[in-house]
$ cat model.cif   # mmCIF, C-alpha atoms
data_start
loop_
_atom_site.label_atom_id
_atom_site.label_comp_id
_atom_site.auth_asym_id
_atom_site.auth_seq_id
_atom_site.Cartn_x
_atom_site.Cartn_y
_atom_site.Cartn_z
CA MET O 1 46.44 -81.35 -124.70
CA GLU O 2 49.40 -83.40 -123.62
CA THR O 3 50.81 -85.12 -120.59
CA THR O 4 54.15 -84.57 -118.94
CA LYS O 5 56.57 -87.40 -118.27
CA THR O 6 54.97 -87.70 -114.83
CA GLY O 7 51.53 -88.16 -116.38
CA ALA O 8 50.18 -84.72 -115.47
CA PHE O 9 47.52 -83.29 -117.77
CA THR O 10 48.76 -80.17 -119.57
CA PRO O 11 45.99 -78.47 -121.58
CA TYR O 12 48.31 -75.84 -123.10
CA GLY O 13 50.79 -78.32 -124.57
CA SER O 14 49.35 -78.63 -128.08
CA PRO O 15 46.92 -76.96 -130.50
CA VAL O 16 43.19 -76.72 -129.90
CA TYR O 17 41.04 -78.30 -132.61
CA VAL O 18 37.41 -77.54 -133.30
CA MET O 19 35.52 -79.47 -135.95
CA ALA O 20 33.27 -76.80 -137.46
CA LYS O 21 29.96 -78.09 -138.81
CA PRO O 22 28.56 -75.14 -140.75
CA VAL O 23 25.48 -77.09 -141.91
CA GLY O 24 25.21 -79.40 -138.91
CA SER O 25 23.92 -82.82 -139.90
CA ARG O 26 22.42 -81.66 -143.20
CA CYS O 27 23.59 -83.91 -146.04
CA ASN O 28 22.65 -84.93 -149.57
CA LEU O 29 23.14 -88.61 -148.61
CA ARG O 30 21.73 -90.71 -145.78
CA CYS O 31 24.32 -93.38 -145.03
CA SER O 32 22.70 -96.05 -142.90
CA TYR O 33 25.46 -96.14 -140.26
CA CYS O 34 25.81 -92.36 -139.87
CA TYR O 35 25.92 -91.38 -136.20
CA TYR O 36 25.05 -87.75 -136.99
CA LEU O 37 21.70 -88.02 -138.74
CA ASP O 38 19.68 -87.06 -135.66
CA LYS O 39 21.81 -84.04 -134.77
CA GLU O 40 20.99 -80.40 -135.36
CA THR O 41 20.73 -78.98 -138.86
CA GLY O 42 21.03 -75.32 -139.64
CA PHE O 43 23.51 -72.82 -140.99
CA LEU O 44 26.50 -71.15 -139.34
CA ASP O 45 25.74 -67.63 -140.51
CA GLU O 46 28.44 -65.14 -141.41
CA ALA O 47 28.25 -63.28 -138.12
CA LEU O 48 28.84 -66.50 -136.19
CA LEU O 49 31.46 -67.57 -138.70
CA GLU O 50 33.39 -64.40 -137.94
CA GLU O 51 33.03 -64.89 -134.19
CA PHE O 52 34.18 -68.50 -134.47
CA THR O 53 37.19 -67.54 -136.61
CA ARG O 54 38.32 -64.82 -134.23
CA GLN O 55 37.86 -66.95 -131.12
CA PHE O 56 39.46 -70.05 -132.62
CA ILE O 57 42.61 -68.16 -133.62
CA GLU O 58 42.80 -66.44 -130.23
CA ALA O 59 42.55 -69.82 -128.48
CA GLN O 60 45.73 -71.17 -130.08
CA THR O 61 49.04 -71.38 -128.25
CA THR O 62 51.01 -72.48 -131.34
CA HIS O 63 52.00 -70.83 -134.60
CA GLU O 64 50.25 -73.46 -136.74
CA ILE O 65 46.44 -73.39 -136.95
CA LEU O 66 44.20 -75.89 -138.69
CA PHE O 67 40.57 -75.14 -139.54
CA THR O 68 38.52 -78.32 -140.03
CA TRP O 69 35.22 -78.21 -141.93
CA HIS O 70 32.88 -81.14 -141.48
CA GLY O 71 29.27 -82.15 -141.66
CA GLY O 72 26.86 -83.38 -142.67
CA GLU O 73 28.05 -82.31 -146.09
CA PRO O 74 29.93 -78.99 -146.01
CA LEU O 75 29.78 -78.59 -149.80
CA LEU O 76 26.08 -77.84 -149.52
CA LEU O 77 27.31 -74.30 -148.91
CA PRO O 78 28.61 -72.29 -151.90
CA VAL O 79 32.26 -71.60 -152.66
CA SER O 80 31.64 -67.99 -151.64
CA TYR O 81 31.05 -69.10 -148.04
CA TYR O 82 34.55 -70.54 -147.77
CA GLN O 83 36.00 -67.55 -149.58
CA LYS O 84 34.51 -65.48 -146.76
CA ALA O 85 36.02 -67.89 -144.23
CA LEU O 86 39.48 -67.42 -145.76
CA ALA O 87 39.09 -63.64 -145.72
CA LEU O 88 38.26 -63.81 -142.01
CA GLN O 89 41.27 -66.02 -141.37
CA GLN O 90 43.45 -63.39 -143.00
CA LYS O 91 41.77 -60.63 -141.00
CA TYR O 92 42.42 -62.26 -137.62
CA GLY O 93 45.34 -64.56 -138.38
CA ARG O 94 48.13 -62.06 -137.81
CA SER O 95 51.42 -63.98 -138.00
CA HIS O 96 49.89 -67.46 -137.73
CA HIS O 97 50.30 -70.08 -140.43
CA ILE O 98 46.76 -71.26 -141.23
CA ASP O 99 45.70 -74.39 -143.10
CA ASN O 100 42.27 -75.77 -143.92
CA CYS O 101 40.94 -79.28 -144.33
CA LEU O 102 37.45 -80.35 -145.33
CA GLN O 103 35.70 -83.71 -145.18
CA THR O 104 33.21 -84.46 -147.96
CA ASN O 105 31.35 -87.40 -149.45
CA GLY O 106 32.73 -86.27 -152.81
CA THR O 107 29.47 -86.30 -154.74
CA LEU O 108 29.19 -82.51 -155.07
CA LEU O 109 32.74 -81.78 -156.24
CA THR O 110 32.98 -79.62 -159.36
CA GLU O 111 35.76 -77.95 -161.30
CA GLU O 112 34.97 -74.71 -159.46
CA TRP O 113 35.41 -76.41 -156.09
CA CYS O 114 38.64 -78.09 -157.18
CA ARG O 115 40.15 -74.85 -158.46
CA PHE O 116 39.27 -73.19 -155.15
CA PHE O 117 40.77 -76.02 -153.10
CA ARG O 118 43.93 -76.11 -155.19
CA ASP O 119 44.45 -72.35 -155.16
CA ASN O 120 43.94 -72.18 -151.38
CA HIS O 121 45.85 -75.35 -150.46
CA PHE O 122 42.96 -77.21 -148.82
CA LEU O 123 43.42 -80.82 -147.77
CA ILE O 124 40.30 -82.75 -148.77
CA GLY O 125 39.14 -85.91 -147.05
CA ILE O 126 36.92 -88.17 -149.14
CA SER O 127 34.49 -90.56 -147.45
CA ILE O 128 34.63 -93.81 -149.40
CA ASP O 129 34.32 -97.36 -148.10
CA GLY O 130 36.18 -99.33 -150.77
CA PRO O 131 35.21 -100.76 -154.17
CA GLU O 132 31.68 -100.22 -155.43
CA PRO O 133 29.95 -103.18 -153.69
CA MET O 134 31.57 -102.25 -150.36
CA HIS O 135 30.87 -98.54 -150.74
CA ASN O 136 27.28 -98.82 -151.90
CA ARG O 137 26.31 -101.36 -149.24
CA TYR O 138 25.69 -98.67 -146.63
CA ARG O 139 26.45 -95.49 -148.58
CA SER O 140 25.58 -94.70 -152.24
CA GLN O 141 26.64 -92.96 -155.46
CA PHE O 142 30.02 -94.67 -155.84
CA ASP O 143 30.40 -93.47 -159.43
CA ARG O 144 29.94 -89.82 -158.44
CA VAL O 145 32.47 -90.18 -155.64
CA MET O 146 35.03 -91.62 -158.06
CA GLN O 147 34.35 -88.77 -160.49
CA GLY O 148 35.01 -86.36 -157.65
CA ILE O 149 38.31 -88.04 -156.82
CA GLU O 150 39.38 -87.86 -160.45
CA LEU O 151 38.62 -84.12 -160.44
CA LEU O 152 40.74 -83.64 -157.32
CA LYS O 153 43.62 -85.51 -158.93
CA ARG O 154 43.27 -83.60 -162.21
CA TYR O 155 43.51 -80.27 -160.38
CA GLY O 156 46.34 -81.39 -158.11
CA VAL O 157 44.31 -81.03 -154.91
CA MET O 158 45.76 -82.72 -151.82
CA TRP O 159 43.40 -85.47 -150.66
CA ASN O 160 43.15 -88.55 -148.50
CA ALA O 161 40.57 -91.25 -147.94
CA MET O 162 38.42 -91.82 -144.88
CA ALA O 163 36.71 -95.20 -144.83
CA THR O 164 34.56 -97.04 -142.36
CA VAL O 165 35.16 -100.68 -141.52
CA ASN O 166 31.83 -102.38 -141.09
CA ARG O 167 30.21 -105.79 -140.93
CA PHE O 168 30.18 -106.07 -144.73
CA ASN O 169 33.64 -104.91 -145.90
CA ALA O 170 35.71 -106.14 -142.94
CA ASP O 171 36.00 -109.67 -144.32
CA GLU O 172 38.01 -108.58 -147.37
CA PRO O 173 40.84 -106.36 -146.08
CA GLU O 174 43.22 -107.14 -148.95
CA LYS O 175 40.63 -106.16 -151.56
CA PHE O 176 39.77 -103.07 -149.51
CA TYR O 177 43.41 -101.98 -149.20
CA ARG O 178 44.40 -102.67 -152.81
CA PHE O 179 41.49 -100.59 -154.04
CA PHE O 180 42.87 -97.50 -152.31
CA LYS O 181 46.44 -98.27 -153.27
CA GLU O 182 45.56 -98.72 -156.94
CA MET O 183 43.74 -95.38 -157.08
CA GLY O 184 46.91 -93.67 -155.83
CA CYS O 185 45.77 -92.97 -152.29
CA GLN O 186 48.86 -92.45 -150.12
CA TYR O 187 47.06 -91.45 -146.90
CA LEU O 188 44.39 -93.80 -145.61
CA GLN O 189 42.25 -93.41 -142.51
CA PHE O 190 39.64 -95.90 -141.47
CA THR O 191 37.36 -96.13 -138.47
CA PRO O 192 35.33 -99.07 -137.15
CA VAL O 193 31.56 -98.78 -137.19
CA VAL O 194 30.23 -99.38 -133.68
CA GLU O 195 26.73 -97.92 -133.40
CA GLN O 196 23.75 -98.66 -131.20
CA LYS O 197 20.03 -98.07 -131.51
CA GLU O 198 18.00 -98.52 -128.36
CA LYS O 199 21.11 -100.05 -126.75
CA LEU O 200 21.35 -102.75 -129.43
CA LEU O 201 24.22 -102.92 -131.90
CA THR O 202 23.24 -102.04 -135.45
CA ALA O 203 23.59 -104.52 -138.30
CA GLU O 204 26.37 -102.39 -139.81
CA SER O 205 28.60 -102.65 -136.72
CA VAL O 206 31.82 -104.62 -137.14
CA ALA O 207 32.32 -107.62 -134.82
CA PRO O 208 35.33 -107.50 -132.44
CA ALA O 209 37.13 -110.57 -133.84
CA GLN O 210 36.29 -109.44 -137.35
CA TRP O 211 37.93 -106.07 -136.62
CA GLY O 212 41.04 -107.81 -135.30
CA SER O 213 41.31 -110.08 -138.32
CA PHE O 214 40.83 -107.10 -140.63
CA LEU O 215 43.68 -105.20 -138.97
CA CYS O 216 46.05 -108.18 -138.97
CA ARG O 217 45.52 -109.03 -142.62
CA LEU O 218 45.63 -105.43 -143.83
CA TYR O 219 48.77 -104.82 -141.76
CA ASP O 220 50.50 -107.80 -143.40
CA GLU O 221 49.55 -106.49 -146.83
CA TRP O 222 50.90 -103.03 -145.98
CA LEU O 223 54.02 -104.41 -144.32
CA ARG O 224 54.99 -106.36 -147.43
CA GLU O 225 56.02 -103.37 -149.52
CA ASP O 226 54.28 -100.15 -148.47
CA VAL O 227 55.86 -98.98 -145.21
CA GLY O 228 56.96 -95.39 -145.85
CA ARG O 229 55.02 -95.30 -149.14
CA VAL O 230 51.41 -95.58 -148.01
CA PHE O 231 50.54 -93.98 -144.69
CA VAL O 232 47.83 -95.78 -142.73
CA GLN O 233 46.78 -93.58 -139.82
CA LEU O 234 46.07 -96.37 -137.36
CA PHE O 235 49.43 -98.07 -137.99
CA ASP O 236 51.28 -94.76 -137.68
CA ALA O 237 49.49 -94.06 -134.39
CA THR O 238 50.30 -97.53 -133.08
CA LEU O 239 53.99 -97.10 -133.90
CA ALA O 240 53.99 -93.69 -132.21
CA ASN O 241 52.60 -95.25 -129.03
CA TRP O 242 55.16 -98.05 -129.34
CA VAL O 243 57.98 -95.49 -129.02
CA GLY O 244 56.21 -93.28 -126.48
CA HIS O 245 55.35 -90.41 -128.81
CA PRO O 246 51.92 -88.69 -129.08
CA PRO O 247 49.90 -90.83 -131.51
CA GLY O 248 48.21 -87.97 -133.38
CA LEU O 249 44.93 -89.89 -133.22
CA CYS O 250 42.67 -89.03 -130.29
CA SER O 251 41.17 -92.51 -129.98
CA MET O 252 44.64 -93.96 -129.35
CA GLY O 253 45.84 -91.27 -126.93
CA ALA O 254 45.79 -91.35 -123.15
CA PHE O 255 43.48 -88.33 -122.91
CA CYS O 256 40.54 -86.86 -124.82
CA GLY O 257 39.31 -83.32 -125.01
CA GLN O 258 41.58 -81.77 -127.59
CA ALA O 259 39.05 -81.69 -130.43
CA ALA O 260 35.59 -80.20 -129.94
CA ALA O 261 32.61 -79.92 -132.29
CA LEU O 262 30.89 -76.65 -133.22
CA GLN O 263 27.24 -76.75 -134.20
CA PRO O 264 25.55 -74.19 -136.53
CA ASP O 265 23.92 -72.33 -133.63
CA GLY O 266 27.30 -71.70 -132.01
CA SER O 267 27.06 -74.50 -129.44
CA LEU O 268 30.37 -76.17 -128.61
CA TYR O 269 30.52 -79.83 -127.56
CA SER O 270 33.36 -81.81 -126.01
CA CYS O 271 33.73 -84.14 -129.00
CA ASP O 272 32.13 -84.96 -132.33
CA HIS O 273 31.03 -88.32 -130.88
CA PHE O 274 29.56 -86.74 -127.76
CA VAL O 275 27.17 -84.12 -129.13
CA SER O 276 24.70 -84.51 -126.29
CA PRO O 277 23.37 -82.18 -123.57
CA ASP O 278 25.73 -83.54 -120.89
CA CYS O 279 28.75 -82.75 -123.07
CA LYS O 280 27.71 -79.27 -124.17
CA LEU O 281 30.38 -76.80 -123.08
CA GLY O 282 28.46 -73.64 -123.94
CA ASN O 283 27.97 -71.34 -126.88
CA ILE O 284 30.43 -69.02 -128.59
CA ARG O 285 27.80 -66.26 -128.48
CA ARG O 286 28.23 -66.12 -124.70
CA GLN O 287 31.58 -67.77 -123.90
CA THR O 288 34.90 -67.92 -125.68
CA ILE O 289 36.47 -71.04 -127.13
CA THR O 290 39.44 -70.39 -124.85
CA GLU O 291 37.23 -70.40 -121.75
CA MET O 292 35.42 -73.56 -122.82
CA MET O 293 38.33 -75.62 -124.15
CA TYR O 294 40.68 -74.78 -121.27
CA GLY O 295 37.93 -74.83 -118.66
CA SER O 296 37.43 -77.40 -115.93
CA ARG O 297 34.57 -79.25 -117.68
CA GLN O 298 36.58 -80.00 -120.81
CA GLN O 299 39.68 -80.92 -118.83
CA ALA O 300 37.58 -83.31 -116.74
CA PHE O 301 36.17 -84.79 -119.97
CA GLY O 302 39.72 -85.34 -121.21
CA ARG O 303 40.90 -87.02 -118.01
CA ARG O 304 37.94 -89.40 -117.82
CA LYS O 305 39.38 -91.50 -120.63
CA THR O 306 42.15 -92.66 -118.30
CA GLU O 307 40.35 -92.30 -114.98
CA GLU O 308 37.46 -94.53 -116.09
CA LEU O 309 39.50 -97.32 -117.64
CA SER O 310 38.13 -100.78 -116.94
CA GLU O 311 40.12 -103.06 -114.69
CA LYS O 312 40.76 -105.30 -117.69
CA CYS O 313 42.36 -102.36 -119.50
CA ARG O 314 44.48 -101.42 -116.50
CA GLN O 315 45.92 -104.94 -116.38
CA CYS O 316 46.45 -105.24 -120.15
CA THR O 317 49.96 -105.66 -121.55
CA PHE O 318 48.99 -103.43 -124.48
CA LEU O 319 47.45 -100.55 -122.56
CA PHE O 320 50.27 -98.32 -123.85
CA ALA O 321 49.25 -99.07 -127.44
CA CYS O 322 45.62 -97.92 -127.36
CA HIS O 323 44.91 -96.45 -123.89
CA GLY O 324 41.52 -98.10 -123.92
CA GLU O 325 40.64 -96.67 -127.35
CA CYS O 326 37.65 -94.36 -127.84
CA PRO O 327 35.32 -94.03 -124.83
CA LYS O 328 32.31 -94.16 -127.13
CA ASN O 329 33.08 -97.85 -127.68
CA ARG O 330 33.19 -98.73 -123.97
CA ILE O 331 29.73 -100.24 -124.03
CA LEU O 332 30.32 -103.60 -122.35
CA PRO O 333 29.78 -104.22 -118.61
CA GLY O 334 32.48 -102.66 -116.47
CA ARG O 335 33.11 -100.02 -119.18
CA GLU O 336 35.04 -102.54 -121.26
CA ASN O 337 35.67 -101.61 -124.86
CA TYR O 338 33.56 -103.53 -127.34
CA LEU O 339 36.53 -103.78 -129.74
CA CYS O 340 39.08 -104.91 -127.13
CA GLU O 341 39.31 -108.48 -128.44
CA GLY O 342 40.07 -107.21 -131.94
CA TYR O 343 42.73 -104.74 -130.83
CA ARG O 344 44.44 -107.36 -128.71
CA LEU O 345 44.57 -109.75 -131.68
CA PHE O 346 46.15 -107.01 -133.76
CA PHE O 347 48.71 -105.90 -131.17
CA GLU O 348 49.83 -109.48 -130.51
CA HIS O 349 50.17 -110.07 -134.23
CA ALA O 350 52.00 -106.82 -134.97
CA ALA O 351 54.28 -106.75 -131.90
CA PRO O 352 57.37 -108.41 -133.46
CA THR O 353 57.47 -106.04 -136.43
CA MET O 354 56.38 -103.03 -134.38
CA ASN O 355 59.38 -103.73 -132.16
CA ILE O 356 61.67 -103.72 -135.20
CA MET O 357 60.19 -100.47 -136.55
CA ALA O 358 60.44 -98.89 -133.10
CA GLU O 359 64.12 -99.83 -132.84
CA GLU O 360 64.79 -98.37 -136.29
CA LEU O 361 62.91 -95.16 -135.48
CA LEU O 362 64.65 -94.65 -132.13
CA ALA O 363 68.01 -95.22 -133.81
CA GLY O 364 67.27 -92.50 -136.35
CA ARG O 365 66.69 -94.92 -139.19
CA ALA O 366 63.65 -95.44 -141.38
CA PRO O 367 60.93 -97.80 -140.05
CA ALA O 368 60.60 -98.97 -143.66
CA ASN O 369 63.76 -101.02 -143.04
CA VAL O 370 61.43 -103.57 -141.48
CA MET O 371 60.59 -104.72 -145.03
CA GLN O 372 64.20 -105.91 -145.46
CA ASN O 373 63.66 -108.29 -142.56
CA GLY O 374 60.63 -109.85 -144.20
#

$ encode --input "model.cif" --output "structure tokens"
Amino acid sequence: METTKTGAFTPYGSPVYVMAKPVGSRCNLRCSYCYYLDKETGFLDEALLEEFTRQFIEAQTTHEILFTWHGGEPLLLPVSYYQKALALQQKYGRSHHIDNCLQTNGTLLTEEWCRFFRDNHFLIGISIDGPEPMHNRYRSQFDRVMQGIELLKRYGVMWNAMATVNRFNADEPEKFYRFFKEMGCQYLQFTPVVEQKEKLLTAESVAPAQWGSFLCRLYDEWLREDVGRVFVQLFDATLANWVGHPPGLCSMGAFCGQAAALQPDGSLYSCDHFVSPDCKLGNIRRQTITEMMYGSRQQAFGRRKTEELSEKCRQCTFLFACHGECPKNRILPGRENYLCEGYRLFFEHAAPTMNIMAEELLAGRAPANVMQNG
């Protein structure tokens, strides 16, 4: 869902995304910061899988379609389940170009899985929080995750890393970044842990200034020699906002509502971070994805990100760069974002070089030229 140059909300302007959770929250690990542990478990049976596939394809207004498989741990299902999913995509896909991506903790990867992913061109996201002490602090089984990554690399499977930034690993951004770089990871995503229990922040949650320092120091490390070689999602999204392009990262966009979450019973929710009764759009057994995703409730959900900005956000010089970030983090009085201080530190620090990269990009040159100015 996009906006026009006048700021109007246009729900048909880009693809619809649904994060399918075929096993719900079921997982072979229990990471202490996981926000999904208390959600529904179950199994998206083959009848519902077919209904989802048909409806999801019919909901698209673009030629390109991306199926996203998430959890919990989606590899708790057998390879045959995803073979069935691919057959259904072929059955209903008509002339569409269809891709698949799957997020996994990596501990259940086998040669059979890797052959399947390679042969069917899956993009695999691996959840890993850095070197062993960082990873095992709140997760576990670092060695098995690394074995899984080596299998992916051996079979030539496309993969990227998804890390959390938390109270423990945020103080060593250079060590964190070099770990991923040295293992050959060219595409790095990371997300800050901000979780509450009984309205109190958890011990794993990153502090605002800590988050800002992490971003500044990691950005400097990346800027030194890796622009155009290692792709850091948050930095790419920031540069996109700097030049007025869609950021490709919902938390940094002006509107939400483009990516829903499908539970095993067929229930569709506005967002993966808002799987709660007030954000339930309906069920694909009774309503179509098209009706729910383009309906008034989901459009209202998407607009609220901008409509409910705090006054501090509205007055901020860097509103264009983050648009108030993810609404789930607006937990301070007046709907202020808990991480605001950290983002502001980062944007102030990065502004001079973001300006250079923006100028290069708008002139049709490579943003990597910024490294020549360093």

$ atom_distance --input "model.cif" --atom1 "CA of Tyr187 in chain O" --atom2 "CA of Pro131 in chain O"
16.7 Å

$ atom_distance --input "model.cif" --atom1 "CA of Cys316 in chain O" --atom2 "CA of Asn241 in chain O"
14.7 Å

$ closest_residue --input "model.cif" --among "O:Thr107, O:Gly253, O:Lys175, O:Gly212" --to "Cys340 in chain O" --atoms "all atoms listed in the file"
O:Gly212

$ closest_atom_pairs --input "model.cif" --of "range 240-276 of chain O" --to "range 291-295 of chain O" --cutoff "8 Å" --atoms "all atoms listed in the file" --output "CSV"
residue,atom,partner,partner_atom,distance
O:Gly257,CA,O:Met293,CA,7.8
O:Gln258,CA,O:Met293,CA,7.8
O:Ala260,CA,O:Met293,CA,7.9

$ residues_near_point --input "model.cif" --point "(41.8, -83.8, -154.0)" --cutoff "9 Å" --atoms "all atoms listed in the file" --output "PyMOL selection string"
chain O and resi 114+117-118+122-126+148-160

$ closest_residue --input "model.cif" --among "O:Gln210, O:Gln372, O:Thr68, O:Ser32" --to "Arg139 in chain O" --atoms "all atoms listed in the file"
O:Ser32

$ resolve_selection --input "model.cif" --expression "the PyMOL selection byres ((chain O and resi 39) around 9)" --output "list in words"
Gly24, Ser25, Arg26, Tyr35, Tyr36, Leu37, Asp38, Glu40, Thr41, Val275 and Ser276 of chain O

$ residues_around --input "model.cif" --residues "Tyr81 in chain O" --least-positions-apart "2" --cutoff "12 Å" --atoms "all atoms listed in the file" --output "number ranges by chain"
O: 22-23, 43-47, 49-50, 69, 74-79, 83-88, 113, 116

$ closest_residue --input "model.cif" --among "O:His349, O:Asp129, O:Phe142, O:Gln186" --to "Arg167 in chain O" --atoms "only C-alpha atoms"
O:Asp129

$ resolve_selection --input "model.cif" --expression "the PyMOL selection byres ((chain O and resi 234) around 9)" --output "ChimeraX atom specification"
/O:188-191,231-233,235-239,247,249,252

$ axis_aligned_box --input "model.cif" --around "range 194-201 of chain O" --padding-each-side "5 Å" --output "lines of an AutoDock Vina configuration file"
center_x = 24.1
center_y = -100.4
center_z = -130.2
size_x = 22.2
size_y = 15.0
size_z = 16.9

$ atom_distance --input "model.cif" --atom1 "CA of Ala59 in chain O" --atom2 "CA of His245 in chain O"
24.2 Å

$ build_atoms --input "model.cif" --residues "range 343-355 of chain O" --atoms "N, CA and C atoms" --output "PDB file, in the frame of the given file"
ATOM      1  N   TYR O 343      41.460-105.459-130.991  1.00  0.00           N
ATOM      2  CA  TYR O 343      42.730-104.740-130.830  1.00  0.00           C
ATOM      3  C   TYR O 343      43.807-105.653-130.260  1.00  0.00           C
ATOM      4  N   ARG O 344      43.439-106.472-129.304  1.00  0.00           N
ATOM      5  CA  ARG O 344      44.440-107.360-128.710  1.00  0.00           C
ATOM      6  C   ARG O 344      44.988-108.336-129.748  1.00  0.00           C
ATOM      7  N   LEU O 345      44.112-108.875-130.593  1.00  0.00           N
ATOM      8  CA  LEU O 345      44.570-109.750-131.680  1.00  0.00           C
ATOM      9  C   LEU O 345      45.583-109.026-132.562  1.00  0.00           C
ATOM     10  N   PHE O 346      45.258-107.770-132.887  1.00  0.00           N
ATOM     11  CA  PHE O 346      46.150-107.010-133.760  1.00  0.00           C
ATOM     12  C   PHE O 346      47.488-106.715-133.079  1.00  0.00           C
ATOM     13  N   PHE O 347      47.465-106.250-131.840  1.00  0.00           N
ATOM     14  CA  PHE O 347      48.710-105.900-131.170  1.00  0.00           C
ATOM     15  C   PHE O 347      49.607-107.121-130.977  1.00  0.00           C
ATOM     16  N   GLU O 348      49.032-108.254-130.646  1.00  0.00           N
ATOM     17  CA  GLU O 348      49.830-109.480-130.510  1.00  0.00           C
ATOM     18  C   GLU O 348      50.447-109.869-131.844  1.00  0.00           C
ATOM     19  N   HIS O 349      49.680-109.721-132.900  1.00  0.00           N
ATOM     20  CA  HIS O 349      50.170-110.070-134.230  1.00  0.00           C
ATOM     21  C   HIS O 349      51.262-109.124-134.701  1.00  0.00           C
ATOM     22  N   ALA O 350      51.076-107.838-134.449  1.00  0.00           N
ATOM     23  CA  ALA O 350      52.000-106.820-134.970  1.00  0.00           C
ATOM     24  C   ALA O 350      53.227-106.609-134.094  1.00  0.00           C
ATOM     25  N   ALA O 351      53.215-107.076-132.860  1.00  0.00           N
ATOM     26  CA  ALA O 351      54.280-106.750-131.900  1.00  0.00           C
ATOM     27  C   ALA O 351      55.694-107.012-132.423  1.00  0.00           C
ATOM     28  N   PRO O 352      55.982-108.176-133.015  1.00  0.00           N
ATOM     29  CA  PRO O 352      57.370-108.410-133.460  1.00  0.00           C
ATOM     30  C   PRO O 352      57.858-107.364-134.460  1.00  0.00           C
ATOM     31  N   THR O 353      57.031-107.017-135.434  1.00  0.00           N
ATOM     32  CA  THR O 353      57.470-106.040-136.430  1.00  0.00           C
ATOM     33  C   THR O 353      57.350-104.611-135.916  1.00  0.00           C
ATOM     34  N   MET O 354      56.411-104.347-135.024  1.00  0.00           N
ATOM     35  CA  MET O 354      56.380-103.030-134.380  1.00  0.00           C
ATOM     36  C   MET O 354      57.649-102.808-133.576  1.00  0.00           C
ATOM     37  N   ASN O 355      58.127-103.852-132.921  1.00  0.00           N
ATOM     38  CA  ASN O 355      59.380-103.730-132.160  1.00  0.00           C
ATOM     39  C   ASN O 355      60.550-103.386-133.077  1.00  0.00           C
TER      40      ASN O 355
END
